[in-house]
Every structure is written in structure tokens, then in C-alpha cells.
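Next comes final-v9.txt, a file with compact mmCIF, C-alpha atoms.
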# COMPACT_ATOMS: atom_id res chain seq x y z
CA MET A 440 115.71 -0.10 59.27
CA GLN A 441 113.50 -2.82 60.70
CA THR A 442 111.54 -5.51 58.86
CA ALA A 443 107.90 -6.17 59.69
CA PHE A 444 106.23 -9.59 59.88
CA PHE A 445 102.45 -9.75 59.53
CA SER A 446 100.32 -12.79 60.28
CA HIS A 447 97.25 -13.69 62.32
CA PRO A 448 95.98 -16.75 64.22
CA ALA A 449 92.84 -16.67 62.07
CA CYS A 450 94.91 -17.87 59.13
CA LEU A 451 95.35 -21.17 60.96
CA GLU A 452 91.56 -21.58 61.12
CA HIS A 453 91.09 -21.76 57.34
CA ASP A 454 90.27 -25.47 57.41
CA THR A 455 90.82 -27.20 54.07
CA GLY A 456 90.56 -30.79 55.26
CA ASP A 457 93.09 -33.30 53.91
CA HIS A 458 94.76 -30.82 51.61
CA PRO A 459 98.29 -29.63 50.76
CA GLU A 460 97.34 -26.00 51.53
CA CYS A 461 96.94 -26.56 55.26
CA ALA A 462 97.57 -24.79 58.54
CA ASP A 463 100.77 -26.76 59.12
CA ARG A 464 102.38 -24.59 56.46
CA LEU A 465 102.11 -21.54 58.70
CA ARG A 466 103.17 -23.50 61.74
CA ALA A 467 106.34 -24.60 59.94
CA ILE A 468 107.11 -20.99 59.00
CA GLN A 469 106.45 -19.73 62.51
CA LYS A 470 108.77 -22.35 63.97
CA ALA A 471 111.54 -21.50 61.50
CA LEU A 472 111.28 -17.82 62.38
CA GLU A 473 111.64 -18.49 66.10
CA ASP A 474 115.39 -18.75 65.50
CA GLU A 475 117.49 -16.04 67.15
CA THR A 476 118.35 -14.75 63.68
CA PHE A 477 114.85 -13.30 63.49
CA HIS A 478 114.56 -11.71 66.92
CA MET A 479 114.62 -8.24 65.34
CA LEU A 480 111.50 -8.85 63.24
CA VAL A 481 108.66 -6.57 64.26
CA ARG A 482 105.74 -8.97 64.60
CA GLU A 483 102.28 -7.56 64.00
CA ASP A 484 98.77 -9.02 63.92
CA ALA A 485 97.23 -8.50 60.51
CA PRO A 486 94.12 -6.32 60.41
CA ARG A 487 91.06 -7.22 58.37
CA ALA A 488 90.96 -5.89 54.84
CA THR A 489 88.05 -3.51 54.33
CA GLU A 490 85.40 -3.90 51.66
CA ALA A 491 86.75 -0.78 49.93
CA GLN A 492 90.25 -2.26 49.79
CA LEU A 493 89.00 -5.57 48.37
CA CYS A 494 86.72 -3.87 45.86
CA ARG A 495 89.63 -2.13 44.15
CA VAL A 496 90.36 -5.58 42.70
CA HIS A 497 87.17 -7.61 43.09
CA PRO A 498 83.57 -6.56 42.28
CA ALA A 499 81.41 -6.03 45.35
CA ASP A 500 79.12 -8.94 44.50
CA TYR A 501 82.11 -11.27 44.29
CA VAL A 502 83.42 -10.07 47.66
CA ASP A 503 80.01 -10.64 49.22
CA ALA A 504 79.72 -14.07 47.62
CA MET A 505 83.09 -15.22 48.94
CA LEU A 506 82.41 -14.00 52.46
CA ASN A 507 78.90 -15.47 52.56
CA LEU A 508 79.97 -18.80 51.07
CA CYS A 509 81.73 -19.81 54.27
CA PRO A 510 79.56 -22.24 56.25
CA ALA A 511 78.50 -21.68 59.86
CA GLU A 512 79.09 -25.29 60.90
CA PRO A 513 82.67 -25.74 62.19
CA ASP A 514 83.25 -29.15 60.57
CA HIS A 515 81.60 -28.39 57.24
CA LEU A 516 83.65 -27.72 54.09
CA VAL A 517 82.36 -26.02 50.94
CA HIS A 518 84.18 -26.82 47.68
CA ILE A 519 84.37 -23.95 45.20
CA ASP A 520 86.13 -26.30 42.78
CA ASP A 521 88.04 -29.57 43.09
CA VAL A 522 90.87 -27.99 45.09
CA THR A 523 89.56 -24.70 46.48
CA VAL A 524 87.80 -25.06 49.81
CA VAL A 525 86.23 -22.81 52.43
CA SER A 526 85.19 -23.56 56.00
CA ALA A 527 83.75 -21.69 58.95
CA GLY A 528 87.14 -20.12 59.65
CA SER A 529 87.83 -19.06 56.10
CA ARG A 530 85.94 -15.76 56.21
CA GLU A 531 88.17 -14.30 58.89
CA ALA A 532 91.28 -15.87 57.37
CA MET A 533 90.74 -14.38 53.92
CA LEU A 534 90.08 -10.93 55.37
CA ARG A 535 93.23 -11.12 57.50
CA ALA A 536 95.33 -12.47 54.60
CA ALA A 537 94.43 -9.55 52.34
CA GLY A 538 94.65 -7.19 55.31
CA ALA A 539 98.18 -8.36 56.06
CA ALA A 540 99.30 -7.43 52.56
CA VAL A 541 97.65 -4.01 52.88
CA ALA A 542 99.22 -3.43 56.30
CA ALA A 543 102.61 -4.44 54.90
CA VAL A 544 102.28 -1.72 52.27
CA ASP A 545 101.35 0.81 54.95
CA ALA A 546 104.36 -0.22 57.06
CA VAL A 547 106.88 0.45 54.31
CA MET A 548 105.16 3.59 53.05
CA GLU A 549 104.87 5.05 56.56
CA GLY A 550 108.59 4.40 56.88
CA TRP A 551 108.70 2.48 60.14
CA ALA A 552 109.70 -0.65 58.21
CA ARG A 553 111.88 -0.96 55.14
CA ALA A 554 110.53 -4.37 54.17
CA ALA A 555 107.57 -6.48 55.23
CA PHE A 556 106.55 -10.12 54.91
CA ALA A 557 102.97 -11.37 55.18
CA ALA A 558 102.83 -15.01 56.31
CA VAL A 559 99.21 -15.75 55.52
CA ARG A 560 96.77 -18.18 54.05
CA PRO A 561 94.75 -18.59 51.93
CA PRO A 562 97.16 -17.55 49.16
CA GLY A 563 95.97 -15.20 46.44
CA HIS A 564 97.66 -15.07 43.04
CA HIS A 565 95.20 -17.39 41.24
CA ALA A 566 92.20 -15.29 42.27
CA GLY A 567 91.02 -13.14 39.39
CA PRO A 568 88.72 -10.15 39.70
CA ALA A 569 85.61 -12.35 39.88
CA GLU A 570 87.01 -15.88 40.06
CA ALA A 571 88.38 -18.04 42.86
CA GLY A 572 90.55 -21.08 42.22
CA GLY A 573 93.87 -22.78 42.82
CA PHE A 574 93.42 -22.53 46.62
CA CYS A 575 92.94 -18.72 46.28
CA LEU A 576 89.94 -16.54 47.22
CA PHE A 577 91.05 -12.88 47.24
CA ASN A 578 94.15 -11.70 45.40
CA ASN A 579 96.26 -10.44 48.29
CA ALA A 580 99.14 -9.06 46.20
CA ALA A 581 96.83 -7.22 43.81
CA VAL A 582 94.80 -5.76 46.68
CA ALA A 583 98.08 -4.51 48.19
CA ALA A 584 99.22 -3.02 44.88
CA LEU A 585 96.04 -1.05 44.27
CA HIS A 586 96.01 0.07 47.90
CA ALA A 587 99.51 1.48 47.40
CA ARG A 588 98.24 3.57 44.51
CA ALA A 589 94.97 4.65 46.12
CA ARG A 590 96.24 5.56 49.58
CA TRP A 591 99.87 6.45 48.93
CA GLY A 592 99.83 7.71 45.37
CA VAL A 593 102.46 5.24 44.16
CA GLU A 594 102.37 5.71 40.41
CA ARG A 595 104.10 2.49 39.32
CA VAL A 596 103.68 -0.78 41.23
CA ALA A 597 105.21 -4.12 40.31
CA VAL A 598 104.36 -7.63 41.44
CA VAL A 599 106.95 -10.31 40.79
CA ASP A 600 105.98 -13.94 41.22
CA PHE A 601 108.39 -16.86 41.59
CA ASP A 602 105.73 -19.38 42.63
CA VAL A 603 105.91 -22.55 40.53
CA HIS A 604 102.39 -21.84 39.22
CA HIS A 605 101.52 -18.87 37.04
CA GLY A 606 99.52 -16.18 38.82
CA GLN A 607 96.87 -15.76 36.16
CA GLY A 608 94.67 -13.86 38.60
CA THR A 609 97.26 -11.15 39.18
CA GLN A 610 98.02 -10.95 35.48
CA ALA A 611 94.32 -10.46 34.73
CA VAL A 612 94.21 -7.49 37.12
CA PHE A 613 97.42 -5.93 35.81
CA ALA A 614 97.54 -6.61 32.07
CA ASP A 615 95.42 -3.67 30.91
CA ASP A 616 96.96 -1.07 33.23
CA PRO A 617 100.29 0.35 32.03
CA ALA A 618 101.14 1.63 35.52
CA LEU A 619 101.16 -1.93 36.86
CA PHE A 620 103.80 -4.55 36.05
CA TYR A 621 103.65 -8.32 36.52
CA ALA A 622 106.52 -10.77 36.01
CA SER A 623 106.44 -14.53 36.59
CA SER A 624 108.55 -17.62 36.16
CA HIS A 625 106.58 -20.84 36.37
CA GLN A 626 106.51 -24.45 35.32
CA TYR A 627 104.63 -25.48 32.20
CA PRO A 628 102.79 -27.75 31.69
CA LEU A 629 101.17 -27.26 35.08
CA TYR A 630 98.08 -25.59 36.54
CA PRO A 631 96.68 -23.13 35.49
CA GLY A 632 98.13 -23.60 31.99
CA THR A 633 98.61 -19.87 31.35
CA GLY A 634 101.53 -17.45 31.34
CA PHE A 635 103.09 -17.72 27.89
CA PRO A 636 105.88 -15.39 26.72
CA ASP A 637 103.60 -13.72 24.17
CA GLU A 638 101.28 -12.52 26.94
CA ARG A 639 102.78 -9.03 27.27
CA GLY A 640 100.02 -6.77 28.56
CA VAL A 641 98.73 -3.51 27.14
CA ALA A 642 102.10 -1.71 27.43
CA ASP A 643 104.66 -4.52 27.59
CA ASN A 644 103.90 -4.57 31.32
CA VAL A 645 103.58 -8.35 31.63
CA ARG A 646 106.52 -10.73 31.36
CA ASN A 647 106.37 -14.51 31.62
CA VAL A 648 109.06 -17.16 31.42
CA ILE A 649 108.13 -20.83 31.18
CA LEU A 650 110.30 -23.38 32.99
CA ALA A 651 110.15 -26.98 31.83
CA PRO A 652 109.67 -29.81 34.34
CA GLY A 653 113.03 -30.66 35.85
CA ALA A 654 114.45 -27.14 35.43
CA ASP A 655 117.14 -26.44 38.00
CA SER A 656 118.84 -23.50 39.65
CA GLU A 657 120.80 -22.51 36.56
CA VAL A 658 117.70 -22.36 34.37
CA PHE A 659 115.74 -20.41 36.99
CA ARG A 660 118.50 -17.87 37.59
CA THR A 661 119.11 -17.41 33.87
CA ALA A 662 115.42 -16.72 33.29
CA TRP A 663 115.38 -14.01 35.91
CA ARG A 664 118.83 -12.57 35.13
CA ASP A 665 118.35 -12.37 31.36
CA SER A 666 114.66 -11.58 31.03
CA LEU A 667 112.53 -10.78 34.07
CA LEU A 668 114.90 -8.69 36.20
CA PRO A 669 115.93 -6.37 33.32
CA ALA A 670 112.26 -5.80 32.45
CA LEU A 671 111.46 -5.04 36.08
CA ASP A 672 114.44 -2.69 36.32
CA ALA A 673 113.30 -0.86 33.19
CA PHE A 674 109.79 -0.47 34.62
CA ALA A 675 111.33 1.27 37.67
CA PRO A 676 108.59 0.53 40.22
CA GLY A 677 107.85 2.94 43.02
CA LEU A 678 106.89 -0.11 45.10
CA LEU A 679 107.88 -3.74 44.62
CA ILE A 680 105.59 -6.53 45.84
CA ILE A 681 106.61 -10.20 45.78
CA SER A 682 104.19 -13.07 45.36
CA ALA A 683 106.46 -15.40 47.30
CA GLY A 684 105.66 -19.00 46.44
CA PHE A 685 108.19 -21.66 47.39
CA ASP A 686 106.74 -24.64 45.53
CA ALA A 687 109.47 -24.64 42.88
CA HIS A 688 111.62 -26.23 45.60
CA ALA A 689 112.94 -29.68 44.66
CA ARG A 690 111.11 -31.25 47.62
CA ASP A 691 107.69 -29.91 46.70
CA PRO A 692 105.08 -32.57 45.92
CA LEU A 693 102.90 -30.49 43.57
CA ALA A 694 105.43 -29.63 40.86
CA HIS A 695 108.65 -30.75 39.22
CA LEU A 696 111.28 -28.01 39.44
CA ARG A 697 114.56 -28.42 41.29
CA LEU A 698 115.23 -25.23 43.22
CA ARG A 699 116.91 -25.09 46.62
CA ALA A 700 116.76 -22.61 49.45
CA ASP A 701 119.82 -20.73 48.18
CA ASP A 702 117.95 -19.94 44.94
CA TYR A 703 115.37 -18.08 47.02
CA ALA A 704 118.16 -16.27 48.83
CA TRP A 705 119.57 -15.26 45.43
CA ILE A 706 116.31 -13.99 43.92
CA THR A 707 115.48 -12.10 47.11
CA ALA A 708 118.85 -10.32 46.99
CA GLU A 709 118.31 -9.41 43.33
CA LEU A 710 114.88 -7.99 44.05
CA VAL A 711 116.13 -6.06 47.07
CA ALA A 712 118.77 -4.49 44.83
CA ILE A 713 116.14 -3.34 42.35
CA ALA A 714 114.01 -1.94 45.17
CA ALA A 715 117.07 -0.03 46.35
CA ARG A 716 117.39 1.60 42.93
CA HIS A 717 113.77 2.58 42.41
CA SER A 718 111.63 2.48 45.56
CA ASP A 719 113.86 3.68 48.37
CA ARG A 720 114.33 0.00 49.29
CA ARG A 721 110.62 -0.42 50.04
CA ILE A 722 109.62 -4.02 49.37
CA VAL A 723 106.62 -6.12 50.41
CA SER A 724 106.32 -9.89 50.21
CA THR A 725 103.25 -12.06 50.68
CA LEU A 726 103.17 -15.85 50.93
CA GLU A 727 101.77 -17.86 48.06
CA GLY A 728 102.56 -21.59 47.61
CA GLY A 729 105.01 -24.08 49.08
CA TYR A 730 103.73 -27.47 50.22
CA ASP A 731 106.70 -29.44 51.52
CA LEU A 732 107.04 -28.27 55.10
CA VAL A 733 110.83 -28.67 55.29
CA GLY A 734 111.47 -26.97 51.96
CA LEU A 735 108.97 -24.24 52.77
CA ALA A 736 110.47 -23.46 56.18
CA GLU A 737 114.05 -23.36 54.86
CA SER A 738 113.09 -21.20 51.90
CA VAL A 739 111.01 -18.71 53.86
CA ALA A 740 113.84 -18.36 56.38
CA VAL A 741 116.39 -17.33 53.75
CA HIS A 742 113.82 -15.11 52.03
CA VAL A 743 113.03 -13.24 55.24
CA ARG A 744 116.75 -12.92 56.04
CA GLY A 745 117.16 -11.34 52.62
CA LEU A 746 114.36 -8.90 53.30
CA MET A 747 116.02 -7.98 56.58
CA ASP A 748 119.04 -6.90 54.54
CA ALA A 749 116.95 -4.49 52.48

Spell out the structure here as C-alpha cells.
Amino acid sequence: MQTAFFSHPACLEHDTGDHPECADRLRAIQKALEDETFHMLVREDAPRATEAQLCRVHPADYVDAMLNLCPAEPDHLVHIDDVTVVSAGSREAMLRAAGAAVAAVDAVMEGWARAAFAAVRPPGHHAGPAEAGGFCLFNNAAVAALHARARWGVERVAVVDFDVHHGQGTQAVFADDPALFYASSHQYPLYPGTGFPDERGVADNVRNVILAPGADSEVFRTAWRDSLLPALDAFAPGLLIISAGFDAHARDPLAHLRLRADDYAWITAELVAIAARHSDRRIVSTLEGGYDLVGLAESVAVHVRGLMDA
């Protein structure tokens, strides 16, 4: 069964200025996936997310505010906070980023793809229902999850997050809904300063593992093997969505973990195995962080290869 790859040129036009979350991230990924290994990927342009799709997660006034905040002037940047920026190209980019995650769900539920990867920006997992931050505007993974339930009737949806930062936005959407599951490993102390083990959700449907600065492959794999993967397996999701951040890589400038590309190959294989047990191998992944271009490209390449084995 084929693997789908969703992206859109508009995601390159989300201008953040001199910023780690920049268009070169997508260019590095695109170059890595030009290798012959990936010639079987089905490459699709991401559609725009609709207002109805976004409003399953975000209130309508928040959606309108984000879309109308983007300036008309091509060289003008608007700062939502110290690190979260929008420009003239951001409106289209954020709609395509969320739309890519939605289209990825449709691809695997329609059955023409077994797995799908959305290479998009801006990322999403720090965006809460009515709050932007941490480079994120709309929560792409959460929008995809609630779309899976609304359109396809998937009763139990899980998002797993191996970005180095805790996805407090996704957790906020999921914590009070027992049919949604969120699991994260992340460095602490580090932005956003959330994601403690005692944050368990309304029905034990949230799981967090803190990784100390300097944690390496062994610590990361133990956290997932002993805690997060068994909890995910017990939840038995009908669809598995990955918030795929690669900033726990040892090369990354924004954090202090020591993962390598083969750790992302390992976690991808473990998640694919769980999807095989519970969701007919259906698995969706959407890009979150990763700010060293070499580490990002290497890690995405092994991640996508793993998805192609689903």
C-alpha cells in the first residue's frame, strides 16, 4: 500500500524573518526526499482547511482573528508573542498546514494510502483552542483528529508527540475527552514548562514523560517502551496521528537532548506496529519542530521510510 506525502508551496511563504522556524526547514526536507528511496511516495498538494474543520478545535472568533492578523504588506511581520510571527504569506500557509493534516486523514481512511506524512509549516502542537504560541497558530494534529471523528466516525483517536517540547495545546484539546488520547515525551525544564506525569486527563487519557537535559537514546527509548507505548496500546486507537517533531536530535540548537536519526527510525517502527494492531495500519504524521537542517533532514528521511513500511 502506498504512502502519501502532503505539502504546499504556500508553506514556504510563511515568512518569520530571522527565526529558527523558517522556510529552509521545508527545503531541507524536500531535498532529502528527492532520493530514489522515496520515488514511490504519492505527492499531493495540501488543500486549505475549511472554517468548519478548524472550528472543531478553535472557536470561530479565534480562527477569524488569526486569519485577519496577517498583514497585507509583503515585508511586514506581526509578532503575536516574542517568538510567534505572522506575515502576508502566513494566512495561506496556516490554512494549507491544517488542510494537509486533514487530507492525510482522508487519504488513509479512504484507503488509497496506508500512511501519510504532512510536511508543513507553521507547526501546531502549542496552539490551544484559543491561544497561539511557540511558533504555532492552528493545531494541525488536533484538527486532523477531530476531523477523523466527525467525517469518518473514528471512535478513538490518539496523538503521540515526540517533539522535544510538550504539546500543551494538543493536551488542552484532548484532556477532557475520554475518546481522545495524548502521549508525549519532552525535555524539562524547557518551553512551555508543562507536561508533568501527574497530568493524566479525565480518563487516564493523557500520558507525559519528562526527559532531563542531556537524556540520550537509552533514556528516550526506555520512556516510550516502559510507559508511553503500553498506554497507547491499551487505548487501542482506531487512528494514530503523530506530532512529529525532530528537535530532540543532538544537533538541534533549541534544546539539549541527544537523540540520533536511528531513534526516530525506532519510534516510527514501534508506532507502526501499534497501528497494525489497532487501526488497520492507518497512521498519519504531521511535522512539528526540528531546527538543525542536517538533523531534521536525516530524521525525517528515516521517519518517512518507516511510514512506507506500514

## Note on the structure
Judged by all atoms listed in the file, the minimum distance to A:Phe613 among A:Leu650, A:Ile680, A:Val496, A:Ala537 is found for A:Val496

### Query
So what do you get for atom CA of A:Pro692 versus atom CA of A:Gln610, distance-wise?
25.0 Å

Find the spatial neighbours of A:Glu512, counting all atoms listed in the file, within a cut-off of 10 Å - ignore same-chain residues fewer than 5 positions away - and output them as an mmCIF file with C-alpha atoms, keeping the file's coordinate frame.
data_model
loop_
_atom_site.group_PDB
_atom_site.id
_atom_site.type_symbol
_atom_site.label_atom_id
_atom_site.label_comp_id
_atom_site.auth_asym_id
_atom_site.auth_seq_id
_atom_site.Cartn_x
_atom_site.Cartn_y
_atom_site.Cartn_z
ATOM 1 C CA SER A 526 85.190 -23.560 56.000
ATOM 2 C CA ALA A 527 83.750 -21.690 58.950
ATOM 3 C CA GLY A 528 87.140 -20.120 59.650
#

### Task
Could you check which of A:Ile519, A:Val612, A:Met440, A:Ala670 is closest to A:Pro568, using only C-alpha atoms?
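Of the candidates, the smallest distance to A:Pro568 is held by A:Val612.
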
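The spacing separating atom CA of A:Phe556 from atom CA of A:Ala581 amounts to 15.0 Å.
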
Using all atoms listed in the file, which residues of stretch 552-660 of chain A come within 6 Å of stretch 709-724 of chain A, and what is the closest atom pair for each, with the distance in Å to one decimal? Give it as JSON lines, sorted by chain and residue number.
{"residue": "A:Arg553", "atom": "CA", "partner": "A:Arg721", "partner_atom": "CA", "distance": 5.3}
{"residue": "A:Ala554", "atom": "CA", "partner": "A:Ile722", "partner_atom": "CA", "distance": 4.9}
{"residue": "A:Ala555", "atom": "CA", "partner": "A:Val723", "partner_atom": "CA", "distance": 4.9}
{"residue": "A:Phe556", "atom": "CA", "partner": "A:Ser724", "partner_atom": "CA", "distance": 4.7}

Can you write just those residues out, C-alpha atoms, as an mmCIF file, in the coordinates of the input?
data_model
loop_
_atom_site.group_PDB
_atom_site.id
_atom_site.type_symbol
_atom_site.label_atom_id
_atom_site.label_comp_id
_atom_site.auth_asym_id
_atom_site.auth_seq_id
_atom_site.Cartn_x
_atom_site.Cartn_y
_atom_site.Cartn_z
ATOM 1 C CA ARG A 553 111.880 -0.960 55.140
ATOM 2 C CA ALA A 554 110.530 -4.370 54.170
ATOM 3 C CA ALA A 555 107.570 -6.480 55.230
ATOM 4 C CA PHE A 556 106.550 -10.120 54.910
#

### Query
Interatomic distance between atom CA of A:Asp655 and atom CA of A:Leu679?
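Atom-to-atom, atom CA of A:Asp655 to atom CA of A:Leu679, that is 25.4 Å.
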
### Query
Residues at most 10 Å from A:Ala622, counting all atoms listed in the file, excluding those fewer than 6 positions away in the same chain, as a list in words?
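Contacts, in chain order: Ala597, Val598, Val599, Asp600, Phe601, His605, Gly606, Thr609, Gln610, Gly634, Arg639, Asn644, Val645, Arg646, Asn647, Val648, Trp663, Ser666, Leu667, Leu668, Ala670, Leu671, Ile681 and Ser682 of chain A.
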
### Query
Which residue, A:Asp457, A:Asp702, A:Asp691, A:Asp686, has the smallest gap to A:Val522 when you use all atoms listed in the file?
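When distances to A:Val522 are compared using all atoms listed in the file, the smallest one comes from A:Asp457.
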
### Query
From the list A:Arg495, A:Arg482, A:His458, A:Lys470, which residue is nearest A:Thr523 when using only C-alpha atoms?
A:His458

### Task
Choose the residue, out of A:Thr661, A:Thr707, A:Asn579, A:Thr489, that has the smallest atom-to-atom separation from A:Ala749; count all atoms listed in the file.
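Ranked by minimum distance to A:Ala749, first place goes to A:Thr707.
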